[in-house]
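To start, the structure under review is shown below, and the notes come after it.
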Amino acid sequence: EAQVTQNPRYLITVTGKKLTVTCSQNMNHEYMSWYRQDPGLGLRQIYYSMNVEVTDKGDVPEGYKVSRKEKRNFPLILESPSPNQTSLYFCASLGRGRGEKLFFGSGTQLSVL
Amino acid sequence: RKEVEQDPGPFNVPEGATVAFNCTYSNSASQSFFWYRQDCRKEPKLLMSVYSSGNEDGRFTAQLNRASQYISLLIRDSKLSDSATYLCVVSLDNYGQNFVFGPGTRLSVLP
């Protein structure tokens with residue numbers, strides 16, 4: 001089954017404690033992306049990757065890091081989380097063909113205390 | 001001004017009603033248009049792409065007006081299971097880095 005697997009589903013942490021949210025896709029997609037979703041603001045792109053070892057900033061990259069060492073994985077790293085990073089996070093991947101749709105992971109609800 | 005704007009909602013409608021959602025976008029170079037559905041706190045899922053000639057999928061009809069930079073979604077004979085948030089998504093091309101999401105319009109279909 002084609003899917004994007006994102007873990008964990010829920011995460012509660014404290015300010016300054018490094019964390020990683022994992023994302024993996026089994027569709028051999030080149031493109032992967034991270035979004036955060038906040039009430040009234042819609043999904044905003046954090047970082048994206050066009051291929052292995054190629055990453056770029058989205059609209060709200062401050063406070064986040066990513067890596068793309070292999071095609072299937074695209075982890076999101078918060079080196080020193082702060083309360084304003086409390087949000088619902090989604091990973092997504094996209095194929096290259098015309099009309100391809102974004103496949104989303106099931107989301108990670110992060111709370112930074 | 002936000003790049004993609006939607007009706008603020010929420011929309012509360014009885015079963016069987018027809019409901020229409022509106023979306024406007026600011027970038028006239030936008031090429032691809034979509035409606036996604038999102039259930040509470042779950043991942044968005046593609047409902048339908050929107051084509052210039054308009055398109056229909058069962059009870060759902062999407063329209064695009066490029067001149068007015070306006071997209072619509074019409075749901076006929078609404079079901080309880082249609083209750084969700086509907087996201088308007090616009091892209092400059094088929095590449096994901098240019099996908100811009102609207103804030104969404106929440107629909108509650110009431111028995």
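Chain labels follow the order of the structure tokens: the first chain is A, the next B, and so on; residue numbering restarts at 1 in every chain, and ligands are counted from 1 in their shown order.
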
Each residue of chain A with at least one atom at most 12 Å from chain B should appear once, together with its nearest atom pair and the corresponding distance in Å (one decimal); atoms considered: only C-alpha atoms; ordering: chain, then increasing residue number; output as a tab-separated table.
```
residue	atom	partner	partner_atom	distance
A:Gln3	CA	B:Glu43	CA	11.8
A:Val4	CA	B:Glu43	CA	10.5
A:Thr5	CA	B:Glu43	CA	11.4
A:Gln6	CA	B:Glu43	CA	10.8
A:Arg9	CA	B:Lys42	CA	10.4
A:Tyr10	CA	B:Arg41	CA	11.4
A:His29	CA	B:Gly96	CA	11.3
A:Glu30	CA	B:Gly96	CA	10.4
A:Tyr31	CA	B:Gly96	CA	7.1
A:Met32	CA	B:Gly96	CA	8.0
A:Ser33	CA	B:Gln97	CA	7.7
A:Trp34	CA	B:Gln97	CA	10.2
A:Tyr35	CA	B:Phe101	CA	10.3
A:Arg36	CA	B:Phe101	CA	11.2
A:Gln37	CA	B:Pro103	CA	9.1
A:Asp38	CA	B:Pro103	CA	9.1
A:Pro39	CA	B:Pro103	CA	8.0
A:Gly40	CA	B:Pro103	CA	5.6
A:Leu41	CA	B:Pro103	CA	5.2
A:Gly42	CA	B:Pro103	CA	3.8
A:Leu43	CA	B:Phe101	CA	5.8
A:Arg44	CA	B:Phe101	CA	7.4
A:Gln45	CA	B:Gln97	CA	8.0
A:Ile46	CA	B:Gln97	CA	10.1
A:Tyr47	CA	B:Gln97	CA	8.8
A:Tyr48	CA	B:Gln97	CA	6.6
A:Ser49	CA	B:Gln97	CA	8.5
A:Met50	CA	B:Gln97	CA	8.5
A:Thr55	CA	B:Gln97	CA	10.8
A:Asp56	CA	B:Gln97	CA	9.2
A:Lys57	CA	B:Gln97	CA	9.4
A:Gly58	CA	B:Gln97	CA	7.5
A:Asp59	CA	B:Gln97	CA	9.9
A:Ser87	CA	B:Arg41	CA	10.8
A:Leu88	CA	B:Arg41	CA	7.8
A:Tyr89	CA	B:Glu43	CA	9.4
A:Phe90	CA	B:Glu43	CA	7.2
A:Cys91	CA	B:Glu43	CA	9.2
A:Ala92	CA	B:Gly96	CA	9.1
A:Ser93	CA	B:Gly96	CA	8.1
A:Leu94	CA	B:Gly96	CA	6.6
A:Gly95	CA	B:Tyr95	CA	8.7
A:Arg96	CA	B:Tyr95	CA	7.6
A:Gly97	CA	B:Asn94	CA	8.1
A:Arg98	CA	B:Asn94	CA	6.5
A:Gly99	CA	B:Asn94	CA	7.0
A:Glu100	CA	B:Asn94	CA	7.4
A:Lys101	CA	B:Leu46	CA	6.9
A:Leu102	CA	B:Gly96	CA	7.5
A:Phe103	CA	B:Lys45	CA	7.5
A:Phe104	CA	B:Glu43	CA	5.9
A:Gly105	CA	B:Glu43	CA	6.4
A:Ser106	CA	B:Glu43	CA	5.1
A:Gly107	CA	B:Glu43	CA	6.2
A:Thr108	CA	B:Arg41	CA	9.4
A:Gln109	CA	B:Arg41	CA	8.6
```

Would you please give, as a PyMOL selection string, all residues of chain A that DSSP assigns to strand (DSSP E) based on the backbone? chain A and resi 4-7+10-13+19-25+31-38+42-51+54-57+65-66+76-78+87-94+102-104+108-112

Between B:Val19, B:Val13, B:Leu64, B:Ala84, single out the one closest to B:Leu47, counting only C-alpha atoms.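 Checking each of B:Val19, B:Val13, B:Leu64, B:Ala84 against B:Leu47, counting only C-alpha atoms, the winner is B:Ala84.
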
Give me, please, the distance in Å between atom CA of B:Leu110 and atom CA of B:Asn55, quoted to one decimal.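 Atom-to-atom, atom CA of B:Leu110 to atom CA of B:Asn55, that is 26.6 Å.
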
Skipping near chain neighbours, those fewer than 2 positions away, what residues fall within 8 Å of A:Ser111 using only C-alpha atoms, listed as a ChimeraX atom specification? /A:11-13,83,85-87,109,113

Could you name the residues that touch A:Lys17 at 10 Å or less, counting only C-alpha atoms, but leaving out those on the same chain fewer than 3 positions away, as a ChimeraX atom specification? /A:13-14,78-82,112

Would you put the residues from that selection into a file with N, CA and C atoms, as a PDB file, in the first residue's frame?
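And here is the file that came out, again26.pdb:
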```pdb
ATOM      1  N   THR A  13       6.893  17.645  24.886  1.00  0.00           N
ATOM      2  CA  THR A  13       8.266  17.836  25.302  1.00  0.00           C
ATOM      3  C   THR A  13       8.398  19.163  26.052  1.00  0.00           C
ATOM      4  N   VAL A  14       9.614  19.449  26.458  1.00  0.00           N
ATOM      5  CA  VAL A  14       9.864  20.706  27.174  1.00  0.00           C
ATOM      6  C   VAL A  14      10.787  21.587  26.344  1.00  0.00           C
ATOM      7  N   LEU A  78      14.004  19.404  15.512  1.00  0.00           N
ATOM      8  CA  LEU A  78      13.897  20.639  16.282  1.00  0.00           C
ATOM      9  C   LEU A  78      15.030  20.605  17.301  1.00  0.00           C
ATOM     10  N   GLU A  79      16.077  21.390  17.064  1.00  0.00           N
ATOM     11  CA  GLU A  79      17.267  21.353  17.910  1.00  0.00           C
ATOM     12  C   GLU A  79      16.972  21.885  19.312  1.00  0.00           C
ATOM     13  N   SER A  80      16.164  22.945  19.384  1.00  0.00           N
ATOM     14  CA  SER A  80      15.839  23.546  20.675  1.00  0.00           C
ATOM     15  C   SER A  80      14.400  24.046  20.616  1.00  0.00           C
ATOM     16  N   PRO A  81      13.451  23.121  20.808  1.00  0.00           N
ATOM     17  CA  PRO A  81      12.040  23.482  20.642  1.00  0.00           C
ATOM     18  C   PRO A  81      11.608  24.605  21.581  1.00  0.00           C
ATOM     19  N   SER A  82      10.681  25.418  21.093  1.00  0.00           N
ATOM     20  CA  SER A  82      10.099  26.484  21.897  1.00  0.00           C
ATOM     21  C   SER A  82       8.569  26.367  21.840  1.00  0.00           C
ATOM     22  N   VAL A 112       4.988  21.799  23.055  1.00  0.00           N
ATOM     23  CA  VAL A 112       6.234  22.180  23.717  1.00  0.00           C
ATOM     24  C   VAL A 112       5.874  23.010  24.948  1.00  0.00           C
TER      25      VAL A 112
END
```

For A:Asn28, which residue among A:Gly16, A:Val54, A:Pro61, A:Arg72 is the nearest when counting only C-alpha atoms?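 Closest candidate: A:Arg72.
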
Write out as a PyMOL selection string each polymer residue whose atoms come within 9 Å of B:Tyr70, counting only C-alpha atoms; drop sequence neighbours fewer than 5 positions from it. chain B and resi 22-25+63-65

At what distance in Å, to one decimal, does atom CA of B:Ser53 lie from atom CA of B:Val109? 28.5 Å

Atom CA of B:Gln38 to atom CA of A:Leu19, straight-line distance in Å: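 About the pair atom CA of A:Leu19 and atom CA of B:Gln38: they are 26.5 Å apart.
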
Test item: residues at most 10 Å from B:Gly9, only C-alpha atoms, excluding those fewer than 3 positions along its chain, as a PDB file with N, CA, C and O atoms, in the first residue's frame:
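Listed below is the output, part_35.pdb:
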```
ATOM      1  N   GLN B   6     -10.423  31.685   1.695  1.00  0.00           N
ATOM      2  CA  GLN B   6     -11.635  30.878   1.611  1.00  0.00           C
ATOM      3  C   GLN B   6     -12.717  31.473   2.482  1.00  0.00           C
ATOM      4  O   GLN B   6     -12.437  32.259   3.405  1.00  0.00           O
ATOM      5  N   ASN B  12     -23.063  25.163   8.671  1.00  0.00           N
ATOM      6  CA  ASN B  12     -23.897  24.135   9.295  1.00  0.00           C
ATOM      7  C   ASN B  12     -25.129  23.960   8.422  1.00  0.00           C
ATOM      8  O   ASN B  12     -25.916  24.893   8.280  1.00  0.00           O
ATOM      9  N   PHE B  21     -18.734  26.273  -1.591  1.00  0.00           N
ATOM     10  CA  PHE B  21     -17.560  26.903  -0.986  1.00  0.00           C
ATOM     11  C   PHE B  21     -16.845  27.743  -2.029  1.00  0.00           C
ATOM     12  O   PHE B  21     -16.735  27.340  -3.180  1.00  0.00           O
ATOM     13  N   THR B  85     -13.369  19.636   7.002  1.00  0.00           N
ATOM     14  CA  THR B  85     -12.857  20.931   6.562  1.00  0.00           C
ATOM     15  C   THR B  85     -12.380  20.783   5.130  1.00  0.00           C
ATOM     16  O   THR B  85     -11.688  19.814   4.800  1.00  0.00           O
ATOM     17  N   GLY B 104      -9.007  26.852   4.929  1.00  0.00           N
ATOM     18  CA  GLY B 104     -10.037  25.833   5.062  1.00  0.00           C
ATOM     19  C   GLY B 104     -11.382  26.402   5.472  1.00  0.00           C
ATOM     20  O   GLY B 104     -11.469  27.458   6.109  1.00  0.00           O
ATOM     21  N   THR B 105     -12.431  25.693   5.072  1.00  0.00           N
ATOM     22  CA  THR B 105     -13.796  26.016   5.493  1.00  0.00           C
ATOM     23  C   THR B 105     -14.395  24.765   6.098  1.00  0.00           C
ATOM     24  O   THR B 105     -14.401  23.712   5.461  1.00  0.00           O
ATOM     25  N   ARG B 106     -14.872  24.894   7.321  1.00  0.00           N
ATOM     26  CA  ARG B 106     -15.428  23.728   7.998  1.00  0.00           C
ATOM     27  C   ARG B 106     -16.906  23.568   7.672  1.00  0.00           C
ATOM     28  O   ARG B 106     -17.670  24.536   7.695  1.00  0.00           O
ATOM     29  N   LEU B 107     -17.271  22.337   7.376  1.00  0.00           N
ATOM     30  CA  LEU B 107     -18.665  21.992   7.065  1.00  0.00           C
ATOM     31  C   LEU B 107     -19.167  20.992   8.096  1.00  0.00           C
ATOM     32  O   LEU B 107     -18.499  19.982   8.351  1.00  0.00           O
ATOM     33  N   SER B 108     -20.324  21.279   8.665  1.00  0.00           N
ATOM     34  CA  SER B 108     -21.014  20.311   9.519  1.00  0.00           C
ATOM     35  C   SER B 108     -22.370  20.033   8.892  1.00  0.00           C
ATOM     36  O   SER B 108     -23.168  20.955   8.696  1.00  0.00           O
TER      37      SER B 108
END
```
